[in-house]
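Undergrad: My structure is below; once you've seen it, I'll send some questions.
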Amino acid sequence: MITLTFEQKKSLGFQYLLDSLRPNCVYGQELVKQAAPYPGEEREALKEELCRLSCLVDSYEANKNRWDSLELILMNVKEIRGTLKKGAESVLTDLELFELKQFLLQSEKLRRLYEDNPGLRLSEIVFADTAPALDLLDPEGRRLPGFYISDAYAPELKAVREEKKRLEAVLRWEDILEEEKAPDATLRQEDVQGEYPAYSQERRRRLLAERSEAVAEEERIQMRIRAELTEKLRPWFPFLWENVRAMGRLDFLLQKTKLALGCHGVCPELTDHTLSLRDMTNPELAEGLRERGKTFTPISFAMDNGTAVITGANMGGKSVALKTIALNVVLALSGFFVCAGEARIPVFDDICLITEEYQSPRDGLSSFGGEMVQLKKALACQREGYALLIFDELARGTNPDEGAAIVKAVVRYLKERPVMAVLATHYDHVAQDADYHYQAAGLADADMERLSAEIKSADSRKRIDIISNYMNYGIYQVREREECPRDAIRICGLLGLEPELLRLMEAEA
């Protein structure tokens, strides 16, 4: 089972996309928070989810106005699961009955809109007809949003309320007599049913006692009606739960649809052992580049079982490529469209990530010690199922000779396993043992004369930004055996290191 921490989701850019969703109701919001890759054994469920999403994407524009109306209804849907749980065991209050009525009103509107428009309907999402339950809370059939225990529920309730009203009118008359004020113009003589020439404390005490008895009788009748209503509503609770789930699923799918359209995503094809992503992007990283006036270079990557190594100097885009690959695999396995021009993705049982974010000292371990603990976990998960392993600059926390030896050994070890492993490294001679070799383009295609001219006229603080503007953060597959380019030394020169030091670097390289 694939389990990603919040930090991993955030690092890859998956959390950024989840945060960009705007579910309309609490049930949709909950599903967004729970979004995660499907387990490997639920391959068919994942295929069905992607099929549903494809149907919505294809039909969304033609039904946009109807979807907008549906969203307005979902915005008015409130949380009622606590009320349903309480009502299963005890009598509901007027406020809780009001909440149920509100939900039933919105549920009925939503069901009718959904069923009357074939372009909105999906076979997996069905809304139960709960109109009879709504009738229980709306005996007069007015379909107004408020709720109170009306006289229609019991004839004796009407009688006791009229008696209580009469007694209250008489008491108001008594107040007038006591204070020797002018009669209240709103009180009529027939309301009090008699004339009282003088104020009487005894009569007032008797009236108050009669009113208290009427109030108590009214409350007894109302309590009985609440109990009867709760009892009659309970058989409908399973259908309300069904509609809760349907609302959440529909809201979540709608948000997935909007994301797919907004990112120009494609539906991934699920494969057994082929990973192929053409022109993929990472929306969070692309947004960061746009804010700086730059554009994201689309990345293409393909491999089958085995190991792939991405080489290149620091600043060259290796980490960007790894995160973009991992993000799009996670999107596909979570039932989302991927941010790519074309995608074929296996259904992995696990995804293990070792990136720079998880190489800080934890639990008293050194950076290198933390890496090795993560490596052990990654190797364990590949023995328990079909896994995707992603390593960013593995063994950077030790000396270069040992680091290179460790990475080469890991590449050769995983090459013989039924696994997909993608490693980014700046160590030389590692790729020669891999099944696939990708190279970060870096400055390979840059106009070095123009870059050098810009660098010379810029102060030291702007030079890194200038170099970044000339960097190609894409990757390309290397068909022939070749060493990592010397972009690091080239960057040192562009940043103005001493010529003598540069000559020594080149000699050592």
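Naming works like this for the structure tokens: A, B, ... for the chains as they're shown, residue 1 at the start of each chain, ligands 1 onward in shown order.
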Hey, what's within 9 Å of Leu250 of chain A if we count only C-alpha atoms and toss same-chain stuff fewer than 4 positions away? As a ChimeraX atom specification, please?

TA: /A:28,122,125,245-246,254-255

Undergrad: Would you kindly return, as a list of chain:residue names, each protein, DNA or RNA residue with an atom no farther than 9 Å from any atom of Arg161 of chain A, considering only C-alpha atoms and excluding same-chain residues fewer than 6 positions away?

TA: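 Residues meeting the cut-off are A:Asp151, A:Ala214, A:Val215, A:Glu218.
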
Undergrad: Near Ala260 of chain A, counting only C-alpha atoms, which residues have an atom at most 6 Å away, once you skip same-chain residues fewer than 4 positions from it, shown as a list in words?

TA: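 Selected residues are His264, Gly265 and Phe337 of chain A.
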
Undergrad: Can you list, as a PDB file with C-alpha atoms, in the first residue's frame, every protein, DNA or RNA residue that comes within 9 Å of segment 381-395 of chain A when you count only C-alpha atoms, leaving out same-chain residues fewer than 6 positions away?

TA:
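The result, stored in selection.pdb:
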ATOM      1  CA  GLY A  40      -2.263  -2.237  -6.150  1.00  0.00           C
ATOM      2  CA  LYS A 318      17.831  16.517 -11.882  1.00  0.00           C
ATOM      3  CA  SER A 319      15.709  17.034  -8.764  1.00  0.00           C
ATOM      4  CA  LEU A 322      12.567  13.349 -10.258  1.00  0.00           C
ATOM      5  CA  LYS A 323       9.826  15.303  -8.502  1.00  0.00           C
ATOM      6  CA  ALA A 326       6.971  11.109  -8.968  1.00  0.00           C
ATOM      7  CA  VAL A 347       0.047   0.291 -11.000  1.00  0.00           C
ATOM      8  CA  PHE A 348       2.709   0.151  -8.296  1.00  0.00           C
ATOM      9  CA  ASP A 349       2.214  -1.481  -4.923  1.00  0.00           C
ATOM     10  CA  ASP A 350       4.514   1.067  -3.300  1.00  0.00           C
ATOM     11  CA  ILE A 351       6.444   4.255  -3.994  1.00  0.00           C
ATOM     12  CA  CYS A 352       9.565   4.982  -1.952  1.00  0.00           C
ATOM     13  CA  LEU A 353      11.247   8.374  -2.026  1.00  0.00           C
ATOM     14  CA  ILE A 354      14.676   9.377  -0.776  1.00  0.00           C
ATOM     15  CA  THR A 355      15.110  13.058  -1.494  1.00  0.00           C
ATOM     16  CA  GLU A 356      17.060  15.904   0.029  1.00  0.00           C
ATOM     17  CA  PHE A 368      24.331   9.786   5.823  1.00  0.00           C
ATOM     18  CA  GLU A 371      19.877   8.129   4.132  1.00  0.00           C
ATOM     19  CA  MET A 372      20.904   4.544   4.813  1.00  0.00           C
ATOM     20  CA  LEU A 375      17.525   3.031   1.770  1.00  0.00           C
ATOM     21  CA  GLU A 402      32.526   5.813  -1.160  1.00  0.00           C
ATOM     22  CA  GLY A 403      29.423   7.667  -2.299  1.00  0.00           C
ATOM     23  CA  ALA A 404      29.993   6.714  -5.920  1.00  0.00           C
ATOM     24  CA  ILE A 406      27.410   2.954  -2.919  1.00  0.00           C
ATOM     25  CA  VAL A 407      25.314   4.392  -5.735  1.00  0.00           C
ATOM     26  CA  ARG A 417      15.085  -6.970  -9.266  1.00  0.00           C
ATOM     27  CA  PRO A 418      11.471  -6.671 -10.558  1.00  0.00           C
ATOM     28  CA  VAL A 419      11.363  -2.989  -9.721  1.00  0.00           C
ATOM     29  CA  MET A 420      11.566   0.458 -11.287  1.00  0.00           C
ATOM     30  CA  ALA A 421      14.251   2.656  -9.787  1.00  0.00           C
ATOM     31  CA  VAL A 422      15.137   6.186 -10.839  1.00  0.00           C
ATOM     32  CA  LEU A 423      18.282   7.734  -9.379  1.00  0.00           C
ATOM     33  CA  ALA A 424      19.655  11.231  -9.830  1.00  0.00           C
ATOM     34  CA  THR A 425      23.361  11.620  -9.245  1.00  0.00           C
ATOM     35  CA  HIS A 426      26.331  13.819 -10.105  1.00  0.00           C
ATOM     36  CA  TYR A 427      28.783  10.933  -9.642  1.00  0.00           C
TER      37      TYR A 427
END

Undergrad: Enumerate as JSON, numbers by chain all residues of segment 259-390 of chain A assigned to strand (DSSP E) by DSSP on the backbone, naming them with the chain letters and numbers the document uses.

TA: {"A": [269, 270, 271, 275, 276, 277, 278, 279, 280, 299, 300, 301, 302, 303, 306, 307, 308, 309, 310, 311, 342, 343, 344, 345, 346, 350, 351, 352, 353, 354, 387, 388, 389, 390]}

Undergrad: Please save C-alpha atoms of the selected residues as a tab-separated table (two decimals), in the first residue's frame.

TA:
chain	number	residue	atom	x	y	z
A	269	GLU	CA	-3.09	4.49	-19.54
A	270	LEU	CA	-2.47	1.88	-16.85
A	271	THR	CA	0.23	-0.64	-17.81
A	275	LEU	CA	6.42	3.94	-17.49
A	276	SER	CA	6.22	6.58	-20.22
A	277	LEU	CA	5.52	10.28	-19.68
A	278	ARG	CA	5.75	12.73	-22.55
A	279	ASP	CA	5.94	16.50	-22.04
A	280	MET	CA	5.03	16.35	-18.36
A	299	ILE	CA	10.06	16.73	-19.39
A	300	SER	CA	9.77	13.40	-21.17
A	301	PHE	CA	10.82	10.12	-19.60
A	302	ALA	CA	10.33	6.43	-20.36
A	303	MET	CA	11.55	3.13	-18.95
A	306	GLY	CA	15.18	-1.94	-14.09
A	307	THR	CA	17.12	1.19	-13.21
A	308	ALA	CA	17.35	4.63	-14.79
A	309	VAL	CA	20.00	7.14	-13.83
A	310	ILE	CA	19.71	10.88	-14.38
A	311	THR	CA	23.07	12.61	-14.40
A	342	GLU	CA	0.75	11.47	-22.89
A	343	ALA	CA	1.12	9.01	-20.04
A	344	ARG	CA	1.48	5.25	-19.57
A	345	ILE	CA	1.94	4.29	-15.93
A	346	PRO	CA	2.17	0.97	-14.08
A	350	ASP	CA	4.51	1.07	-3.30
A	351	ILE	CA	6.44	4.25	-3.99
A	352	CYS	CA	9.56	4.98	-1.95
A	353	LEU	CA	11.25	8.37	-2.03
A	354	ILE	CA	14.68	9.38	-0.78
A	387	ALA	CA	7.63	-0.71	-6.33
A	388	LEU	CA	8.84	2.57	-7.78
A	389	LEU	CA	11.99	3.77	-6.02
A	390	ILE	CA	13.18	7.33	-6.42

Undergrad: Go through A:Gln34, A:Asn76, A:Ser59, A:Ser200 one by one, measure the shortest atom-to-atom distance of each to Leu261 of chain A using only C-alpha atoms, and give the residue with the smallest value.

TA: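 Using only C-alpha atoms, the shortest distance to Leu261 of chain A belongs to A:Ser59.
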
Undergrad: Quick one: DSSP alpha helix (DSSP H) residues in segment 96-218 of chain A, as a ChimeraX atom specification?

TA: /A:96-116,131-137,155-179,189-192,201-218

Undergrad: Choose the residue, out of A:Ser367, A:Asn243, A:Thr257, A:Asn472, that has the smallest atom-to-atom separation from Glu61 of chain A; count only C-alpha atoms.

TA: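 Among the listed residues, A:Thr257 lies closest to Glu61 of chain A.
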
Undergrad: Excluding Pro39 of chain A and its own-chain neighbours fewer than 2 positions away, which residues fall within 8 Å of it when counting only C-alpha atoms? Please give them as a PDB file with N, CA and C atoms, in the first residue's frame.

TA:
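Here's the written file result17.pdb:
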ATOM      1  N   MET A   1       0.851  -1.199   0.000  1.00  0.00           N
ATOM      2  CA  MET A   1       0.000   0.000   0.000  1.00  0.00           C
ATOM      3  C   MET A   1       0.884   1.246   0.000  1.00  0.00           C
ATOM      4  N   ILE A   2       0.546   2.207  -0.861  1.00  0.00           N
ATOM      5  CA  ILE A   2       1.344   3.424  -0.990  1.00  0.00           C
ATOM      6  C   ILE A   2       0.899   4.434   0.063  1.00  0.00           C
ATOM      7  N   PRO A  37      -2.970   7.423  -3.354  1.00  0.00           N
ATOM      8  CA  PRO A  37      -2.918   6.375  -4.382  1.00  0.00           C
ATOM      9  C   PRO A  37      -3.747   5.156  -4.020  1.00  0.00           C
ATOM     10  N   GLU A  41      -3.964  -3.780  -5.371  1.00  0.00           N
ATOM     11  CA  GLU A  41      -5.038  -4.760  -5.571  1.00  0.00           C
ATOM     12  C   GLU A  41      -6.348  -4.118  -6.027  1.00  0.00           C
ATOM     13  N   GLU A  42      -6.414  -2.784  -6.016  1.00  0.00           N
ATOM     14  CA  GLU A  42      -7.624  -2.089  -6.453  1.00  0.00           C
ATOM     15  C   GLU A  42      -7.443  -1.484  -7.846  1.00  0.00           C
ATOM     16  N   ARG A  43      -6.707  -2.185  -8.673  1.00  0.00           N
ATOM     17  CA  ARG A  43      -6.443  -1.718 -10.039  1.00  0.00           C
ATOM     18  C   ARG A  43      -7.739  -1.448 -10.803  1.00  0.00           C
ATOM     19  N   PHE A 348       1.722   0.580  -9.282  1.00  0.00           N
ATOM     20  CA  PHE A 348       2.709   0.151  -8.296  1.00  0.00           C
ATOM     21  C   PHE A 348       2.035  -0.220  -6.979  1.00  0.00           C
ATOM     22  N   ASP A 349       2.670  -1.143  -6.274  1.00  0.00           N
ATOM     23  CA  ASP A 349       2.214  -1.481  -4.923  1.00  0.00           C
ATOM     24  C   ASP A 349       2.776  -0.516  -3.895  1.00  0.00           C
TER      25      ASP A 349
END

Undergrad: Could you give me, as a PDB file with C-alpha atoms, in the first residue's frame, the residues within 10 Å of Val330 of chain A, counting only C-alpha atoms and dropping anything in the same chain fewer than 2 positions from it?

TA:
ATOM      1  CA  ILE A   2       1.344   3.424  -0.990  1.00  0.00           C
ATOM      2  CA  LEU A   4       2.805   9.347   1.504  1.00  0.00           C
ATOM      3  CA  LYS A   9       3.045  15.300  -0.771  1.00  0.00           C
ATOM      4  CA  LEU A  12       6.386  16.609  -4.849  1.00  0.00           C
ATOM      5  CA  PHE A  14       0.832  16.938  -4.873  1.00  0.00           C
ATOM      6  CA  ALA A  36      -4.133   9.018  -1.918  1.00  0.00           C
ATOM      7  CA  PRO A  37      -2.918   6.375  -4.382  1.00  0.00           C
ATOM      8  CA  TYR A  38      -5.127   3.325  -4.829  1.00  0.00           C
ATOM      9  CA  THR A 324       7.915  15.742 -11.743  1.00  0.00           C
ATOM     10  CA  ILE A 325       8.066  12.017 -12.496  1.00  0.00           C
ATOM     11  CA  ALA A 326       6.971  11.109  -8.968  1.00  0.00           C
ATOM     12  CA  LEU A 327       4.183  13.712  -8.942  1.00  0.00           C
ATOM     13  CA  ASN A 328       2.613  12.452 -12.145  1.00  0.00           C
ATOM     14  CA  ALA A 332      -2.345   8.791 -11.906  1.00  0.00           C
ATOM     15  CA  LEU A 333      -2.493   6.238  -9.096  1.00  0.00           C
ATOM     16  CA  SER A 334      -4.732   8.577  -7.065  1.00  0.00           C
ATOM     17  CA  GLY A 335      -7.307   8.692  -9.861  1.00  0.00           C
ATOM     18  CA  PHE A 336      -6.376  12.098 -11.307  1.00  0.00           C
ATOM     19  CA  VAL A 338      -1.698  13.662 -15.170  1.00  0.00           C
ATOM     20  CA  ILE A 345       1.936   4.294 -15.927  1.00  0.00           C
ATOM     21  CA  PHE A 348       2.709   0.151  -8.296  1.00  0.00           C
ATOM     22  CA  ILE A 351       6.444   4.255  -3.994  1.00  0.00           C
TER      23      ILE A 351
END
